[in-house]
Structure formats: structure tokens, C-alpha cells
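Reviewing the structure listed below.
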Amino acid sequence: MGSPPMIDGAFARWLAARAGQALLDLRTELGFTDPGALKSAGDKVSHDLIRTELAKWRPGDAVLSEEDEGSRLAWAAEVNAGAVSRLTADRVWIVDPLDGTREFAEEGRSDWAVHIALWARNAPSPHGLVAGAVGLPAQHRVLGTDYPPAYPPMTVEAATAGARVIRLAASRSRPPVFLTDLAEDVGAKLVPMGSAGAKIAAVVTGEVDAYIHAGGQYEWDSAAPVAVATATGLHASRIDGSALEYNEADPRLPDLLVCRKDLATRLLAALQRHSG
């Protein structure tokens with residue numbers, strides 16, 4: 001793919017595409033007879049590639065990757081958080097080298113992703129994300145903040161019907177326990193999908209209207225998709241309506257709502273009724 005572009009958004013797209021191609025090649029090479037081995041190899045191949053390219057092309061920036069040793073640590077009082085370079089850095093790349101390892105290891109599934117996001121201390125937005133890309137390698141596309149998709153159009157049904165059916169992306173394996181009741185409350189239907197990146201990408205492209213998660217996640221699960229979603233003009237927040245914040249000492253970010261702006265007030269009110 002040649003030398004990468006120097007503008008951060010385009011660089012994120014380039015890096016997501018490179019890692020995505022490496023993962024597709026790995027799928028072809030290893031096949032699907034040993035899903036465990038394929039998952040492990042996928043995490044390693046993508047992580048090593050991303051880390052190598054960031055070290056080469058963005059050597060002054062800090063990195064938070066799901067596959068870094070100790071990345072899930074909640075920085076308790078006895079831990080010297082000041083020794084963690086990302087907490088004092090002005091720029092931090094937050095990456096998930098392979099979002100949706102289960103789907104990646106299943107033949108025929110395309111709902112897995114590569115997440116590349118950049119957080120900056122001087123960012124104008126509360127979430128601090130200034131660039132990002134979500135690679136969907138098996139779908140042969142990358143969604144990025146350098147060329148954010150147009151705000152998703154309403155479906156034909158929504159444009160012509162008085163009452164619209166909201167399509168909620170839901171985990172096919174770990175949906176929040178309250179989500180069924182919430183869907184019934186707002187007249188929504190659940191659309192099962194794989195990785196968080198694939199779900200938020202589906203909101204960005206208009207395949208679904210919203211994604212709600214409250215089962216526990218980390219910053220790398222949502223940083224890149226949220227960067228793209230907000231660049232597109234979608235709503236993104238915690239499920240209580242507060243701002244998403246990244247590059248925190250504790251990388252856990254357990255819940256979020258990403259949806260069309262016209263649905264945010266309605267869904268946040270429903271979340272108040274059902275998530276507590």
C-alpha cells in the first residue's frame with residue numbers, strides 16, 4: 001500500500017485497511033478448522049502490524065491497544081498511574097486490532113472489524129477523539145473520519161409510515177438483559193450482529209437506527225466507531241446521556257448509545273425506565 005498519508009484521519013484509514021488485509025490473508029492461510037488458533041493468530045498478526053506501523057510513523061504518540069499487556073488494568077490507588085505514558089501524552093492511539101474474534105473465526109461471517117482511533121488532549125469535543133477508522137475487511141470497506149459517510153437516510157418505511165419501527169443492533173450472544181423490554185416499549189425490533197464495530201458501522205450506514213450496549217466494554221471497543229459516528233452527525237453518549245470520555249486511567253467504558261439524533265431523546269428516556 002506504499003507509504004501512509006500523513007494526515008491523521010487518512011492514516012487511520014490506511015492502517016485499518018492494512019490490518020484488515022492481513023487478517024483476510026490469515027483467514028485464507030489458516031482456514032477455519034481450528035477456531036481457537038485462528039482467533040489467537042488474528043489478534044497477534046493485527047496487533048503486531050498496527051504497533052509496528054505506529055512506532056514507525058507516529059513514534060511520539062502513545063498507544064492503548066486491547067492486546068497490550070496490562071491494558072485492562074483499572075489503575076487503582078496503589079498503581080503508579082503517572083508511570084503510564086498515555087495518561088500524560090497529548091496524543092494517544094486507541095486501537096482494537098480485531099474486534100469480534102468469534103465472528104472472525106467463523107467461516108462466512110463479515111461482522112468483525114479493525115478499530116483505529118486517535119485521542120488528543122486539545123480536542124474540541126468532550127470525547128477527545130480527533131480521527132478514526134473502522135475497517136470492515138470481510139465487507140471490503142473502511143469507514144473513516146477523513147471522508148465520513150453522509151448522515152444515514154431514513155428507510156422508506158420510516159419516511160412513509162406514521163409510526164416507525166426502530167431497528168436496534170443487538171449482540172447475538174450477550175445482549176443487555178433489559179433490551180427486550182426496552183424494544184417492546186419503543187416499538188423496536190432487535191437485529192442481532194457480531195462485533196461492536198460492526199454494530200455501530202451499521203448505524204452509520206443506516207442499516208439499523210441505534211445500538212445500545214450496557215454489558216461491559218473497554219475504550220478500544222468503541223473509540224474508533226464513535227469517532228466515525230460523531231463525524232457523521234450521529235448521537236453518541238453513555239446510556240444516562242452523559243458524555244463518552246476516552247484515555248481515562250481506567251479503560252473500562254461499560255455502556256453507550258449510538259443512534260440517529262432524532263431518536264436520542266426517546267431512547268434515553270426509555271433507558272431511564274429500563275436500565276436501572
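A note on labels: chains of the C-alpha cells are A, B, ... as shown, every chain counts residues from 1, and ligands are counted from 1 in their shown order.
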Selection near A:Asp111, 10 Å with only C-alpha atoms, sequence-local residues under 3 positions removed, as a compact mmCIF listing (two decimals) with C-alpha atoms, in the first residue's frame:
```
# COMPACT_ATOMS: atom_id res chain seq x y z
CA ASP A 99 -13.00 -6.56 17.20
CA GLY A 100 -15.17 -9.65 17.06
CA THR A 101 -12.74 -12.57 17.24
CA ARG A 102 -15.63 -15.04 17.42
CA GLU A 103 -17.07 -13.82 14.14
CA PHE A 104 -13.61 -13.63 12.56
CA GLY A 108 -18.76 -16.71 6.07
CA LEU A 136 -14.74 -3.99 7.89
CA PRO A 137 -12.37 -6.24 5.95
CA ALA A 138 -14.80 -9.01 5.03
CA GLN A 139 -17.22 -6.33 3.77
CA MET A 193 -25.00 -8.70 14.90
CA GLY A 194 -21.44 -9.53 15.89
CA SER A 195 -18.79 -7.05 16.96
CA ALA A 196 -19.38 -3.61 18.45
CA GLY A 197 -17.63 -2.03 15.48
CA ALA A 198 -19.92 -3.81 13.04
CA LYS A 199 -22.99 -2.69 15.02
CA ALA A 201 -20.98 0.83 11.50
CA ALA A 202 -24.49 -0.42 10.74
```
For A:Thr28, list every protein, DNA or RNA residue within 12 Å, evaluated using only C-alpha atoms, and leave out those in the same chain fewer than 4 positions away; present the list as a JSON list (two decimals) with N, CA and C atoms, in the first residue's frame.
```json
[["chain", "number", "residue", "atom", "x", "y", "z"],
["A", 21, "GLN", "N", -6.45, -6.33, 5.61],
["A", 21, "GLN", "CA", -5.97, -7.22, 4.56],
["A", 21, "GLN", "C", -5.13, -8.34, 5.16],
["A", 22, "ALA", "N", -4.32, -8.03, 6.16],
["A", 22, "ALA", "CA", -3.53, -9.07, 6.82],
["A", 22, "ALA", "C", -4.44, -10.12, 7.47],
["A", 23, "LEU", "N", -5.55, -9.69, 8.02],
["A", 23, "LEU", "CA", -6.48, -10.62, 8.64],
["A", 23, "LEU", "C", -7.19, -11.47, 7.60],
["A", 24, "LEU", "N", -7.56, -10.89, 6.48],
["A", 24, "LEU", "CA", -8.16, -11.67, 5.40],
["A", 24, "LEU", "C", -7.18, -12.71, 4.87],
["A", 32, "PHE", "N", -10.60, -22.55, 8.76],
["A", 32, "PHE", "CA", -11.50, -22.42, 9.91],
["A", 32, "PHE", "C", -11.62, -23.71, 10.72],
["A", 33, "THR", "N", -10.71, -24.66, 10.50],
["A", 33, "THR", "CA", -10.82, -25.95, 11.20],
["A", 33, "THR", "C", -10.46, -25.84, 12.68],
["A", 38, "LEU", "N", -7.11, -19.72, 15.11],
["A", 38, "LEU", "CA", -7.34, -18.61, 14.19],
["A", 38, "LEU", "C", -7.57, -17.32, 14.97],
["A", 42, "GLY", "N", -5.10, -14.19, 14.73],
["A", 42, "GLY", "CA", -5.65, -12.93, 14.24],
["A", 42, "GLY", "C", -5.33, -11.77, 15.16],
["A", 104, "PHE", "N", -14.76, -13.47, 13.45],
["A", 104, "PHE", "CA", -13.61, -13.63, 12.56],
["A", 104, "PHE", "C", -13.30, -15.10, 12.33],
["A", 105, "ALA", "N", -13.48, -15.92, 13.36],
["A", 105, "ALA", "CA", -13.12, -17.34, 13.28],
["A", 105, "ALA", "C", -14.25, -18.21, 12.73],
["A", 107, "GLU", "N", -16.45, -19.15, 9.46],
["A", 107, "GLU", "CA", -16.46, -19.02, 8.00],
["A", 107, "GLU", "C", -17.75, -18.35, 7.54],
["A", 108, "GLY", "N", -17.60, -17.38, 6.64],
["A", 108, "GLY", "CA", -18.76, -16.71, 6.07],
["A", 108, "GLY", "C", -19.22, -15.49, 6.81],
["A", 138, "ALA", "N", -14.02, -8.03, 5.77],
["A", 138, "ALA", "CA", -14.80, -9.01, 5.03],
["A", 138, "ALA", "C", -15.94, -8.37, 4.25]]
```
Study note, to complete from the structure: Counting only C-alpha atoms, closest pick from A:Val191, A:Ala62, A:Ala12, A:Leu168 relative to A:Leu87 is A:Ala62
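When the distance limit is 12 Å and only C-alpha atoms are what count, the residues near A:Pro5, minus those fewer than 5 positions from it on the same chain, are A:Ala10, A:Phe11, A:Ala12, A:Arg13, A:Trp14, A:Leu15, A:Trp57, A:Arg58, A:Asp146.
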Point to revise | Among listed residues A:Asp250, A:Glu66, A:Glu53, A:Glu29, nearest A:Pro97 (using only C-alpha atoms) | key: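 Smallest separation from A:Pro97 among the options: A:Glu66.
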Practice item. Could you give me, as a ChimeraX atom specification, each residue of stretch 8-76 of chain A that DSSP assigns to strand (DSSP E) when run on this structure's backbone? Key: /A:62-65
Review point. What lies within 12 Å of A:Ala183 using only C-alpha atoms, ignoring chain neighbours under 5 positions off, as a list of chain:residue names?
Key: A:Val165, A:Ile166, A:Arg167, A:Leu168, A:Ala169, A:Ala170, A:Pro175, A:Pro176, A:Val177, A:Phe178, A:Ala188, A:Lys189, A:Leu190, A:Val191, A:Ala210, A:Tyr211, A:Ile212, A:Arg266, A:Leu267, A:Ala270, A:Leu271, A:Arg273, A:His274
Study note, to complete from the structure: Here atom CA of A:Arg121 and atom CA of A:Ala227 stand apart by 14.8 Å
Exercise for review: Find the residues near A:Leu118: any atom within 8 Å, counting only C-alpha atoms, skip ones fewer than 5 places away on the same chain, and give them as a list of chain:residue names.
Suggested key: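 Listing them by chain and then by number gives A:Asp8, A:Arg91, A:Val92, A:Trp93, A:Ile94, A:Leu129, A:Val130, A:Ala131, A:Gly132, A:Ala224.
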Review point. If you measure from atom CA of A:Ile50 to atom CA of A:Val114, what distance in Å do you get, rounded to one decimal?
Key: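 Those two atoms sit 10.1 Å apart.
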**Study point:** Interatomic distance (Å, one decimal) between atom CA of A:Ala37 and atom CA of A:Ala214
**Key:**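 Atom-to-atom, atom CA of A:Ala37 and atom CA of A:Ala214 are spaced 29.3 Å apart.
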Point to revise | Expected answer as a PyMOL selection string: alpha helix (DSSP H) residues in stretch 43-266 of chain A | key: chain A and resi 43-57+101-104+156-160+179-186+196-205+219-232+261-266
Review point. Which residue, A:Pro149, A:Pro35, A:Gly144, A:Pro254, has the smallest gap to A:Gln217 when you use only C-alpha atoms?
Key: A:Pro254
Review point. Between A:Leu143, A:Leu263, A:Trp220, A:Gly187, which is the closest to A:Pro251 once you count only C-alpha atoms?
Key: A:Trp220
Practice item. Rank A:Gly216, A:Pro153, A:Leu98, A:Glu106 by their smallest atom-to-atom distance to A:Gly31, using only C-alpha atoms, and report the top residue only. Key: A:Glu106
